[in-house]
Structures are given as C-alpha cells and as structure tokens.
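Text of the file start-v1.txt, holding compact mmCIF, C-alpha atoms and all ligand atoms:
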# COMPACT_ATOMS: atom_id res chain seq x y z
CA MET U 1 127.63 109.30 131.38
CA ALA U 2 125.42 108.92 128.31
CA THR U 3 122.73 106.26 128.25
CA ILE U 4 123.62 102.95 126.67
CA GLU U 5 121.49 102.51 123.54
CA ARG U 6 121.12 99.96 120.78
CA SER U 7 120.80 100.54 117.04
CA LEU U 8 119.74 98.13 114.31
CA VAL U 9 122.29 98.38 111.52
CA ILE U 10 122.04 96.90 108.04
CA VAL U 11 125.07 96.62 105.80
CA LYS U 12 122.94 96.71 102.65
CA PRO U 13 123.26 94.50 99.53
CA ASP U 14 125.36 97.00 97.56
CA ALA U 15 127.96 97.12 100.34
CA VAL U 16 128.06 93.31 100.55
CA GLN U 17 128.36 92.93 96.76
CA ARG U 18 131.16 95.50 96.71
CA GLY U 19 133.18 93.68 99.39
CA LEU U 20 132.85 96.49 101.91
CA VAL U 21 131.53 94.48 104.88
CA GLY U 22 134.87 94.40 106.73
CA GLU U 23 135.58 98.07 106.07
CA ILE U 24 132.13 99.16 107.27
CA VAL U 25 131.89 96.90 110.33
CA GLY U 26 135.45 97.94 111.21
CA ARG U 27 134.42 101.58 111.36
CA TYR U 28 131.80 100.88 114.03
CA GLU U 29 134.24 98.70 115.98
CA LYS U 30 137.06 101.24 115.77
CA ARG U 31 134.78 104.04 116.87
CA GLY U 32 134.25 102.08 120.08
CA LEU U 33 130.78 100.69 119.55
CA LYS U 34 130.08 97.11 120.56
CA ILE U 35 128.50 94.42 118.36
CA VAL U 36 125.86 92.45 120.28
CA ALA U 37 124.23 90.62 117.35
CA MET U 38 125.18 89.86 113.76
CA LYS U 39 123.82 87.65 110.96
CA PHE U 40 124.08 87.29 107.18
CA GLU U 41 120.75 86.96 105.43
CA GLN U 42 118.80 87.87 102.31
CA VAL U 43 115.94 90.01 103.65
CA SER U 44 112.51 88.77 102.55
CA GLU U 45 109.88 91.06 100.99
CA GLU U 46 107.67 90.53 104.02
CA THR U 47 110.41 91.60 106.43
CA ALA U 48 111.42 94.54 104.20
CA GLY U 49 107.78 95.71 104.22
CA ARG U 50 107.69 95.65 108.01
CA HIS U 51 111.07 97.33 108.38
CA TYR U 52 110.36 100.11 105.87
CA GLY U 53 106.64 100.44 106.69
CA GLU U 54 106.97 104.20 107.32
CA HIS U 55 107.96 104.69 103.66
CA LYS U 56 105.02 102.77 102.12
CA GLY U 57 103.34 104.90 99.44
CA LYS U 58 106.42 107.04 98.77
CA PRO U 59 107.71 107.16 95.16
CA PHE U 60 110.94 105.36 96.05
CA TYR U 61 109.29 102.59 98.11
CA ASP U 62 109.13 99.82 95.47
CA GLY U 63 112.73 100.47 94.43
CA LEU U 64 113.81 100.47 98.06
CA VAL U 65 112.20 97.08 98.73
CA SER U 66 113.69 95.51 95.61
CA TYR U 67 117.13 96.95 96.51
CA ILE U 68 117.11 95.64 100.09
CA THR U 69 115.79 92.19 99.09
CA SER U 70 118.00 91.81 95.97
CA SER U 71 120.98 90.08 97.58
CA PRO U 72 122.23 89.28 101.11
CA SER U 73 122.76 91.89 103.81
CA VAL U 74 124.56 91.88 107.15
CA LEU U 75 122.15 92.60 110.02
CA MET U 76 123.59 93.82 113.27
CA VAL U 77 122.68 95.21 116.64
CA ILE U 78 125.24 97.73 117.83
CA GLU U 79 125.42 98.98 121.39
CA GLY U 80 127.07 101.90 123.13
CA PRO U 81 126.59 105.31 124.75
CA ASP U 82 124.35 107.39 122.43
CA ALA U 83 124.58 104.54 119.91
CA VAL U 84 121.61 105.75 117.81
CA ASN U 85 123.22 109.10 117.08
CA ILE U 86 126.77 107.82 116.91
CA VAL U 87 125.93 105.15 114.32
CA ARG U 88 123.99 107.65 112.21
CA THR U 89 126.86 110.16 112.27
CA THR U 90 129.26 107.35 111.30
CA ASN U 91 126.94 106.49 108.37
CA GLY U 92 126.47 110.11 107.20
CA ALA U 93 123.50 111.86 105.62
CA THR U 94 120.98 109.79 103.64
CA LYS U 95 122.10 111.39 100.35
CA PRO U 96 125.78 110.53 99.84
CA GLY U 97 126.28 113.89 98.11
CA GLU U 98 125.29 115.64 101.33
CA ALA U 99 127.19 113.30 103.66
CA ALA U 100 130.27 114.69 105.41
CA PRO U 101 133.63 113.38 104.18
CA GLY U 102 134.84 110.58 106.43
CA THR U 103 131.38 109.07 106.78
CA ILE U 104 130.54 105.71 105.20
CA ARG U 105 128.02 107.15 102.74
CA ALA U 106 130.39 109.92 101.62
CA ASP U 107 133.46 107.71 101.38
CA PHE U 108 131.81 104.87 99.43
CA GLY U 109 128.58 106.20 97.92
CA VAL U 110 127.32 108.57 95.26
CA THR U 111 123.56 108.00 95.13
CA ILE U 112 120.67 107.83 97.62
CA GLY U 113 119.35 104.59 96.12
CA ARG U 114 122.64 102.78 96.88
CA ASN U 115 123.68 104.34 100.17
CA LEU U 116 125.25 101.22 101.68
CA VAL U 117 123.94 101.23 105.26
CA HIS U 118 120.86 101.55 107.43
CA ALA U 119 120.71 102.61 111.08
CA SER U 120 117.79 103.21 113.41
CA ASP U 121 116.74 106.86 113.73
CA SER U 122 115.62 106.79 117.39
CA VAL U 123 115.66 104.55 120.44
CA GLU U 124 111.99 103.69 119.73
CA SER U 125 112.72 102.76 116.09
CA ALA U 126 115.69 100.70 117.27
CA ALA U 127 113.50 98.67 119.62
CA ARG U 128 110.98 98.05 116.80
CA GLU U 129 113.65 97.16 114.21
CA VAL U 130 115.64 94.93 116.57
CA GLY U 131 112.36 93.11 117.22
CA ILE U 132 111.85 92.56 113.48
CA PHE U 133 115.29 91.10 112.83
CA PHE U 134 116.24 89.59 116.19
CA GLY U 135 112.85 88.99 117.82
CA ASP U 136 113.62 85.27 117.87
CA GLY U 137 116.92 85.84 119.70
CA GLY U 138 120.53 86.25 118.73
CA ILE U 139 121.52 89.11 120.99
CA VAL U 140 124.62 88.25 123.01
CA GLU U 141 125.30 90.07 126.28
CA TRP U 142 129.06 90.11 126.77
CA ASN U 143 131.76 92.01 128.63
CA ARG U 144 134.38 93.67 126.50
CA ALA U 145 137.75 93.73 128.22
CA ILE U 146 138.74 97.17 126.86
CA ASP U 147 135.51 98.93 127.82
CA ALA U 148 137.14 100.97 130.61
CA TRP U 149 139.39 102.54 127.94
CA ILE U 150 136.45 103.55 125.75
CA VAL U 151 133.71 104.54 128.20
CA GLU U 152 134.37 106.23 131.55
CA ASP U 153 132.51 105.07 134.68
N1 LIG U 201 114.49 109.72 97.10
C1 LIG U 201 114.93 108.48 97.28
N2 LIG U 201 115.27 107.72 96.21
C2 LIG U 201 115.72 106.45 96.36
N3 LIG U 201 115.90 105.86 97.56
C3 LIG U 201 115.59 106.58 98.66
C4 LIG U 201 115.09 107.93 98.57
N4 LIG U 201 114.86 108.38 99.84
C5 LIG U 201 115.20 107.36 100.65
N5 LIG U 201 115.63 106.30 99.94
C6 LIG U 201 116.09 105.01 100.48
O1 LIG U 201 115.27 104.70 101.60
C7 LIG U 201 116.09 104.54 102.77
C8 LIG U 201 115.28 105.01 103.95
O2 LIG U 201 115.06 106.39 103.87
P1 LIG U 201 115.23 107.33 105.14
O3 LIG U 201 114.64 106.64 106.33
O4 LIG U 201 114.70 108.67 104.77
O5 LIG U 201 116.82 107.47 105.29
P2 LIG U 201 117.86 106.83 106.32
O6 LIG U 201 118.27 105.48 105.76
O7 LIG U 201 119.02 107.80 106.32
O8 LIG U 201 117.18 106.73 107.66
C9 LIG U 201 117.35 105.36 102.45
O9 LIG U 201 118.47 104.97 103.21
C10 LIG U 201 117.53 105.06 100.98
O10 LIG U 201 118.10 103.74 100.80
MG MG U 202 115.32 105.96 108.15

Will you turn the file into structure tokens for me?
Ligand SMILES: Nc1ncnc2c1ncn2[C@@H]1O[C@H](COP(=O)(O)OP(=O)(O)O)[C@@H](O)[C@H]1O
Ligand SMILES: [Mg+2]
Amino acid sequence: MATIERSLVIVKPDAVQRGLVGEIVGRYEKRGLKIVAMKFEQVSEETAGRHYGEHKGKPFYDGLVSYITSSPSVLMVIEGPDAVNIVRTTNGATKPGEAAPGTIRADFGVTIGRNLVHASDSVESAAREVGIFFGDGGIVEWNRAIDAWIVED
C-alpha cells in the first residue's frame, strides 16, 4: 500500500471570492482524501513571504504575495496515500491553460496569476508548509468510518 502523506492546501483568495470553496473542498473529499486540519484566514505578508520563499526575486513574486494576502483563504492539511501527488493532480498544472480538463485549475481558471489553489510539491515541502500554517496546532487525528472502502489494508 502507498505511504500515507500530508499536503498543505490553500484555497486561494480568488476561489473564496468566487464562492468555490465548497466545490473545491468537495473534490478532495470525493476523491477519498481526508481533511485533518482546516481554517479560514487572511494570510499575512510575513507568512506569505515564508511560504513562497523559494520564489523570492522572481518577476511574479510581488504580485503573488499581494494576491495571496489580498483577501481570506482556506488553509487545509489533507492526508491520504500518495496525498502530495494526488492533490496536485486534482489541482492540475500551474497554468490553467495547460491543466487537464477535469482538474480544478482547468475547470475554474484561465490565468496563472489566479489559479485558485496551492498544494505542496513534495513530502519535504509539505512538512515545511504545514509547520508554517499549523505549527501552533490544529491537526486533528481521527478515524474515518469509510476508510476500508477507500484504502485497502
Ligand atoms: N509566471 C507567473 N505569473 C504569475 N503568477 C505566477 C507565475 N508563476 C507562478 N505564479 C504563481 O505562483 C504560484 C507558485 O508557483 P509554482 O510553485 O511554480 O506553482 P504551483 O502553485 O503549481 O506549485 C503559482 O501557483 C501561481 O499562483
Ligand atoms: Mg509550488
């Protein structure tokens, strides 16, 4: 069986403003992933700088920070077998125009600067990003009654 991983997911300000929170969160749930943390918050500039530190100095960095801090986001930790890859394939390619139909970014987006969702790109990034947003706690360990019908032993 695949290893159980966690991914830090952000339903970004454009998705919240557009009323797509339920639709987007529902896609992760329906795929079989498990929510283990969730909060609604306007990300501060300081936190955005830590989270997107790898992009500092890139031409889109300032725009990215003002986008992510402009309005509230939903911050989540999602758990499951291969969760890092499974969440990213649910989200689709970074550029909505290159994202496969059926993915969140293809179904709801048209431009890279408003691509609706973030997800960790590796297990190591997930650990770092979960620490940034949930370092003070908020992760709930729980048993999901239907797990045996989603993940084999
Ligand atoms: N060329 C760009 N122009 C505007 N925004 C960008 C550009 N490249 C990346 N971004 C923004 O920065 C975020 C982080 O970039 P990246 O880590 O490469 O993608 P991903 O979110 O798919 O992991 C993207 O999701 C997008 O919001
Ligand atoms: Mg990234």

Which protein, DNA or RNA residues have an atom at most 8 Å from (127.8, 107.4, 125.4), counting all atoms listed in the file? List them as a PyMOL selection string. chain U and resi 1-4+80-83+151

Show me which residues line ligand MG 202 (chain U), defined as having an atom within 12 Å of a ligand atom where only C-alpha atoms and all ligand atoms count, and present them as JSON, numbers by chain. {"U": [7, 8, 9, 10, 51, 52, 53, 54, 55, 64, 84, 88, 91, 92, 93, 94, 95, 112, 115, 117, 118, 119, 120, 121, 122, 125, 126, 129]}

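Relative to atom N4 of ligand LIG 201 (chain U), CA of Phe133 in chain U is found at 21.6 Å.
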
If you measure from CA of Gly137 in chain U to CA of Ile35 in chain U, what distance in Å do you get, rounded to one decimal? 14.5 Å

Let me make sure I understand: among U:Ala15, U:Val110, U:Ala99, U:Ala37, which one has the smallest atom-to-atom distance to Asp136 in chain U if we use all atoms listed in the file? U:Ala37

Pairwise distance for CA of Tyr28 in chain U and CA of Ile104 in chain U, rounded to one decimal in Å: 10.1 Å

Between U:Arg128, U:Leu33, U:Pro13, U:Val43, which is the closest to Asn85 in chain U once you count only C-alpha atoms?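 Closest to Asn85 in chain U, using only C-alpha atoms: U:Leu33.
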
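Proximity to Val36 in chain U at 7 Å, evaluated using only C-alpha atoms and with sequence-adjacent residues fewer than 2 positions away removed, yields Lys34, Val77, Ile78, Glu79, Ile139, Val140 and Glu141 of chain U.
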
Skip Glu23 in chain U itself and residues of its chain fewer than 2 positions away, then list as a PyMOL selection string all residues within 12 Å of it, counting only C-alpha atoms. chain U and resi 11+15-16+18-21+25-30+103-104+107-108+116

Atoms to include: C-alpha atoms. Write the selected residues as a PDB file, keeping the file's coordinate frame.
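Full text of part_17.pdb as output:
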ATOM      1  CA  VAL U  11     125.070  96.620 105.800  1.00  0.00           C
ATOM      2  CA  ALA U  15     127.960  97.120 100.340  1.00  0.00           C
ATOM      3  CA  VAL U  16     128.060  93.310 100.550  1.00  0.00           C
ATOM      4  CA  ARG U  18     131.160  95.500  96.710  1.00  0.00           C
ATOM      5  CA  GLY U  19     133.180  93.680  99.390  1.00  0.00           C
ATOM      6  CA  LEU U  20     132.850  96.490 101.910  1.00  0.00           C
ATOM      7  CA  VAL U  21     131.530  94.480 104.880  1.00  0.00           C
ATOM      8  CA  VAL U  25     131.890  96.900 110.330  1.00  0.00           C
ATOM      9  CA  GLY U  26     135.450  97.940 111.210  1.00  0.00           C
ATOM     10  CA  ARG U  27     134.420 101.580 111.360  1.00  0.00           C
ATOM     11  CA  TYR U  28     131.800 100.880 114.030  1.00  0.00           C
ATOM     12  CA  GLU U  29     134.240  98.700 115.980  1.00  0.00           C
ATOM     13  CA  LYS U  30     137.060 101.240 115.770  1.00  0.00           C
ATOM     14  CA  THR U 103     131.380 109.070 106.780  1.00  0.00           C
ATOM     15  CA  ILE U 104     130.540 105.710 105.200  1.00  0.00           C
ATOM     16  CA  ASP U 107     133.460 107.710 101.380  1.00  0.00           C
ATOM     17  CA  PHE U 108     131.810 104.870  99.430  1.00  0.00           C
ATOM     18  CA  LEU U 116     125.250 101.220 101.680  1.00  0.00           C
TER      19      LEU U 116
END

Closest of U:Pro72, U:Pro59, U:Gly138, U:Gly113 to ligand LIG 201 (chain U), counting only C-alpha atoms and all ligand atoms, is U:Gly113

Distance criterion (all atoms listed in the file): nearest to ligand LIG 201 (chain U) out of U:Phe134, U:Trp149, U:Tyr67, U:Phe40: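 Of the candidates, the smallest distance to ligand LIG 201 (chain U) is held by U:Tyr67.
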
Restricting the calculation to all atoms listed in the file: of U:Thr69, U:Glu46, U:Lys39, U:Gln17, which residue gets closest to ligand LIG 201 (chain U)?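 Once distances to ligand LIG 201 (chain U) are computed over all atoms listed in the file, the minimum belongs to U:Thr69.
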
All residues 9 Å or closer to Val65 in chain U, all atoms listed in the file, same chain fewer than 5 positions away omitted, as number ranges by chain: U: 45, 48-49, 52, 60, 70

Given the selection you just returned, output its residues as a file containing C-alpha atoms, formatted as an mmCIF file, in the frame of the given file.
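So result35.cif came out as:
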data_model
loop_
_atom_site.group_PDB
_atom_site.id
_atom_site.type_symbol
_atom_site.label_atom_id
_atom_site.label_comp_id
_atom_site.auth_asym_id
_atom_site.auth_seq_id
_atom_site.Cartn_x
_atom_site.Cartn_y
_atom_site.Cartn_z
ATOM 1 C CA GLU U 45 109.880 91.060 100.990
ATOM 2 C CA ALA U 48 111.420 94.540 104.200
ATOM 3 C CA GLY U 49 107.780 95.710 104.220
ATOM 4 C CA TYR U 52 110.360 100.110 105.870
ATOM 5 C CA PHE U 60 110.940 105.360 96.050
ATOM 6 C CA SER U 70 118.000 91.810 95.970
#

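Proximity of U:Asn143, U:Ser71, U:Thr47, U:Ser66 to ligand LIG 201 (chain U), computed with only C-alpha atoms and all ligand atoms, is greatest for U:Ser66.
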
Just so I have it separately, write range 28-70 of chain U from the block I sent, keeping N, CA and C atoms, as an mmCIF file, in the first residue's frame.
data_model
loop_
_atom_site.group_PDB
_atom_site.id
_atom_site.type_symbol
_atom_site.label_atom_id
_atom_site.label_comp_id
_atom_site.auth_asym_id
_atom_site.auth_seq_id
_atom_site.Cartn_x
_atom_site.Cartn_y
_atom_site.Cartn_z
ATOM 1 N N TYR U 28 -11.648 17.202 -3.199
ATOM 2 C CA TYR U 28 -10.664 16.426 -2.429
ATOM 3 C C TYR U 28 -11.377 15.341 -1.613
ATOM 4 N N GLU U 29 -12.488 15.731 -0.989
ATOM 5 C CA GLU U 29 -13.245 14.753 -0.187
ATOM 6 C C GLU U 29 -13.735 13.601 -1.048
ATOM 7 N N LYS U 30 -14.319 13.942 -2.200
ATOM 8 C CA LYS U 30 -14.901 12.895 -3.051
ATOM 9 C C LYS U 30 -13.832 11.995 -3.628
ATOM 10 N N ARG U 31 -12.636 12.545 -3.827
ATOM 11 C CA ARG U 31 -11.567 11.684 -4.354
ATOM 12 C C ARG U 31 -11.155 10.638 -3.314
ATOM 13 N N GLY U 32 -11.431 10.925 -2.051
ATOM 14 C CA GLY U 32 -11.112 9.959 -0.999
ATOM 15 C C GLY U 32 -10.057 10.444 -0.028
ATOM 16 N N LEU U 33 -9.594 11.672 -0.247
ATOM 17 C CA LEU U 33 -8.607 12.231 0.682
ATOM 18 C C LEU U 33 -9.303 12.659 1.969
ATOM 19 N N LYS U 34 -8.514 12.769 3.019
ATOM 20 C CA LYS U 34 -9.077 13.057 4.347
ATOM 21 C C LYS U 34 -8.580 14.416 4.839
ATOM 22 N N ILE U 35 -9.492 15.253 5.293
ATOM 23 C CA ILE U 35 -9.121 16.552 5.869
ATOM 24 C C ILE U 35 -8.688 16.335 7.311
ATOM 25 N N VAL U 36 -7.476 16.810 7.661
ATOM 26 C CA VAL U 36 -7.044 16.685 9.064
ATOM 27 C C VAL U 36 -6.825 18.047 9.731
ATOM 28 N N ALA U 37 -6.938 19.124 8.944
ATOM 29 C CA ALA U 37 -6.890 20.472 9.527
ATOM 30 C C ALA U 37 -7.511 21.431 8.524
ATOM 31 N N MET U 38 -8.159 22.484 9.064
ATOM 32 C CA MET U 38 -8.807 23.453 8.180
ATOM 33 C C MET U 38 -9.051 24.754 8.938
ATOM 34 N N LYS U 39 -8.668 25.883 8.340
ATOM 35 C CA LYS U 39 -9.007 27.178 8.952
ATOM 36 C C LYS U 39 -9.177 28.243 7.879
ATOM 37 N N PHE U 40 -9.893 29.301 8.247
ATOM 38 C CA PHE U 40 -10.203 30.410 7.336
ATOM 39 C C PHE U 40 -9.449 31.627 7.837
ATOM 40 N N GLU U 41 -8.614 32.190 6.991
ATOM 41 C CA GLU U 41 -7.701 33.231 7.486
ATOM 42 C C GLU U 41 -7.194 34.091 6.333
ATOM 43 N N GLN U 42 -6.971 35.366 6.599
ATOM 44 C CA GLN U 42 -6.279 36.214 5.619
ATOM 45 C C GLN U 42 -4.787 36.096 5.897
ATOM 46 N N VAL U 43 -4.054 35.545 4.947
ATOM 47 C CA VAL U 43 -2.620 35.278 5.126
ATOM 48 C C VAL U 43 -1.869 36.611 5.219
ATOM 49 N N SER U 44 -0.980 36.716 6.226
ATOM 50 C CA SER U 44 -0.212 37.951 6.392
ATOM 51 C C SER U 44 0.951 37.988 5.399
ATOM 52 N N GLU U 45 1.503 39.192 5.194
ATOM 53 C CA GLU U 45 2.664 39.324 4.292
ATOM 54 C C GLU U 45 3.837 38.520 4.803
ATOM 55 N N GLU U 46 4.012 38.517 6.125
ATOM 56 C CA GLU U 46 5.133 37.786 6.725
ATOM 57 C C GLU U 46 5.002 36.284 6.451
ATOM 58 N N THR U 47 3.806 35.757 6.647
ATOM 59 C CA THR U 47 3.571 34.329 6.398
ATOM 60 C C THR U 47 3.688 34.005 4.903
ATOM 61 N N ALA U 48 3.159 34.891 4.058
ATOM 62 C CA ALA U 48 3.259 34.672 2.605
ATOM 63 C C ALA U 48 4.727 34.626 2.182
ATOM 64 N N GLY U 49 5.552 35.488 2.770
ATOM 65 C CA GLY U 49 6.981 35.519 2.447
ATOM 66 C C GLY U 49 7.676 34.224 2.838
ATOM 67 N N ARG U 50 7.277 33.672 3.974
ATOM 68 C CA ARG U 50 7.866 32.387 4.391
ATOM 69 C C ARG U 50 7.388 31.271 3.472
ATOM 70 N N HIS U 51 6.099 31.249 3.223
ATOM 71 C CA HIS U 51 5.522 30.171 2.410
ATOM 72 C C HIS U 51 6.085 30.166 0.989
ATOM 73 N N TYR U 52 6.186 31.349 0.383
ATOM 74 C CA TYR U 52 6.636 31.439 -1.009
ATOM 75 C C TYR U 52 8.110 31.860 -1.120
ATOM 76 N N GLY U 53 8.890 31.585 -0.073
ATOM 77 C CA GLY U 53 10.303 31.979 -0.049
ATOM 78 C C GLY U 53 11.092 31.534 -1.270
ATOM 79 N N GLU U 54 10.780 30.346 -1.806
ATOM 80 C CA GLU U 54 11.531 29.832 -2.973
ATOM 81 C C GLU U 54 11.332 30.715 -4.211
ATOM 82 N N HIS U 55 10.283 31.539 -4.234
ATOM 83 C CA HIS U 55 10.012 32.363 -5.413
ATOM 84 C C HIS U 55 10.523 33.800 -5.271
ATOM 85 N N LYS U 56 11.123 34.129 -4.119
ATOM 86 C CA LYS U 56 11.631 35.496 -3.907
ATOM 87 C C LYS U 56 12.589 35.865 -5.031
ATOM 88 N N GLY U 57 12.458 37.077 -5.566
ATOM 89 C CA GLY U 57 13.348 37.518 -6.635
ATOM 90 C C GLY U 57 12.806 37.229 -8.023
ATOM 91 N N LYS U 58 11.778 36.389 -8.137
ATOM 92 C CA LYS U 58 11.203 36.107 -9.459
ATOM 93 C C LYS U 58 10.279 37.259 -9.859
ATOM 94 N N PRO U 59 10.089 37.466 -11.172
ATOM 95 C CA PRO U 59 9.294 38.620 -11.629
ATOM 96 C C PRO U 59 7.860 38.623 -11.096
ATOM 97 N N PHE U 60 7.304 37.452 -10.830
ATOM 98 C CA PHE U 60 5.903 37.406 -10.400
ATOM 99 C C PHE U 60 5.756 37.452 -8.873
ATOM 100 N N TYR U 61 6.887 37.536 -8.149
ATOM 101 C CA TYR U 61 6.827 37.377 -6.683
ATOM 102 C C TYR U 61 5.942 38.433 -5.999
ATOM 103 N N ASP U 62 6.146 39.712 -6.313
ATOM 104 C CA ASP U 62 5.373 40.757 -5.625
ATOM 105 C C ASP U 62 3.870 40.587 -5.888
ATOM 106 N N GLY U 63 3.539 40.291 -7.126
ATOM 107 C CA GLY U 63 2.134 40.067 -7.492
ATOM 108 C C GLY U 63 1.561 38.857 -6.769
ATOM 109 N N LEU U 64 2.385 37.837 -6.626
ATOM 110 C CA LEU U 64 1.946 36.608 -5.945
ATOM 111 C C LEU U 64 1.638 36.894 -4.476
ATOM 112 N N VAL U 65 2.512 37.657 -3.823
ATOM 113 C CA VAL U 65 2.297 37.978 -2.405
ATOM 114 C C VAL U 65 1.061 38.871 -2.257
ATOM 115 N N SER U 66 0.879 39.845 -3.147
ATOM 116 C CA SER U 66 -0.311 40.685 -2.961
ATOM 117 C C SER U 66 -1.593 39.903 -3.265
ATOM 118 N N TYR U 67 -1.531 38.974 -4.202
ATOM 119 C CA TYR U 67 -2.688 38.092 -4.497
ATOM 120 C C TYR U 67 -3.050 37.247 -3.266
ATOM 121 N N ILE U 68 -2.077 36.585 -2.698
ATOM 122 C CA ILE U 68 -2.372 35.613 -1.626
ATOM 123 C C ILE U 68 -2.762 36.310 -0.316
ATOM 124 N N THR U 69 -2.345 37.572 -0.157
ATOM 125 C CA THR U 69 -2.671 38.308 1.073
ATOM 126 C C THR U 69 -3.889 39.229 0.900
ATOM 127 N N SER U 70 -4.491 39.244 -0.309
ATOM 128 C CA SER U 70 -5.487 40.272 -0.637
ATOM 129 C C SER U 70 -6.842 40.075 0.038
#
